[in-house]
Amino acid sequence: PLPVKFCPAMEFILIITHLPDKERAMALAHRLIEERLAACVNVMADCTSVYHWQGKNETASEVPVLIKTLAQHYARLEQLIMSMHPYELPEIIAVPVTNGLPAYLKWIADETLVSDKK
């Protein structure tokens with residue numbers, strides 16, 4: 001694909017979610033990259049999450065996933081995460097990227113804007 005001209009007005013986001021195991025996290029990561037909804041997905045090491053759910057304190061081992069993309073892909077990304085996620089109420093948080101290395105941000109745009117042409 002032809003490189004996209006970098007536009008500082010583009011909205012970049014970092015999406016955070018957690019899955020119960022590495023296999024599901026990797027499946028999601030590969031699907032997001034194949035669909036060109038993300039330029040990069042970091043599947044992190046297991047962590048321990050402590051939270052209050054349905055009247056009880058819970059502790060669970062989870063795998064954090066960090067997804068770099070454009071804000072315009074959020075709705076499709078959320079839908080895909082929901083379809084692949086086993087939790088009743090998965091964490092899906094989009095954090096705006098207010099600054100970054102311009103060449104890296106351009107790369108995110110280049111890699112994900114091709115998904116709009118499908």
# chains A, B, ... in the order shown; residues from 1 in each chain; ligands from 1
>>> select_by_dssp(residues="chain A", states="strand (DSSP E or B)", output="JSON, numbers by chain")
{"A": [12, 13, 14, 15, 16, 17, 18, 19, 40, 41, 42, 43, 47, 48, 49, 50, 51, 52, 53, 56, 57, 58, 59, 60, 61, 62, 63, 64, 65, 66, 67, 68, 69, 70, 93, 94, 95, 96, 97]}
>>> residues_around(residues="A:Leu77", least_positions_apart="4", cutoff="10 Å", atoms="only C-alpha atoms", output="list in words")
Ile15, Leu32, Glu35, Leu37, Ala38, Ile67, Thr69, Ala71, Gln72, His73, Ile81, Met82, Ser83 and Ile92 of chain A
>>> atom_distance(atom1="atom CA of A:Met44", atom2="atom CA of A:Lys68")
13.8 Å
>>> closest_residue(among="A:Ile13, A:Val95, A:Trp107, A:Asp21", to="A:Ala60", atoms="only C-alpha atoms")
A:Asp21
>>> select_by_dssp(residues="chain A", states="alpha helix (DSSP H)", output="PyMOL selection string")
chain A and resi 22-34+74-84+102-113
>>> atom_distance(atom1="atom CA of A:Asp46", atom2="atom CA of A:Glu88")
20.1 Å
>>> atom_distance(atom1="atom CA of A:Thr112", atom2="atom CA of A:Val65")
17.7 Å
>>> residues_around(residues="A:Pro86", least_positions_apart="6", cutoff="10 Å", atoms="only C-alpha atoms", output="PyMOL selection string")
chain A and resi 19-20+24
>>> write_last_selection(atoms="N, CA and C atoms", output="PDB file, in the first residue's frame")
ATOM      1  N   LEU A  19      -7.243 -10.564  29.008  1.00  0.00           N
ATOM      2  CA  LEU A  19      -7.862 -11.855  28.723  1.00  0.00           C
ATOM      3  C   LEU A  19      -7.403 -12.875  29.748  1.00  0.00           C
ATOM      4  N   PRO A  20      -8.141 -13.982  29.888  1.00  0.00           N
ATOM      5  CA  PRO A  20      -7.816 -14.921  30.958  1.00  0.00           C
ATOM      6  C   PRO A  20      -6.579 -15.786  30.710  1.00  0.00           C
ATOM      7  N   ARG A  24      -5.787 -17.020  24.283  1.00  0.00           N
ATOM      8  CA  ARG A  24      -6.858 -16.112  23.828  1.00  0.00           C
ATOM      9  C   ARG A  24      -6.313 -14.727  23.511  1.00  0.00           C
TER      10      ARG A  24
END
>>> residues_around(residues="A:Glu34", least_positions_apart="3", cutoff="12 Å", atoms="only C-alpha atoms", output="list in words")
Ala27, Leu28, Ala29, His30, Arg31, Leu37, Ala38, Ala39, Cys40, Val41, Glu111, Thr112, Val114, Ser115 and Lys118 of chain A
>>> residues_around(residues="A:His18", least_positions_apart="6", cutoff="10 Å", atoms="only C-alpha atoms", output="PyMOL selection string")
chain A and resi 24-25+43-44+46-47+49+61-66+85+87+90-92
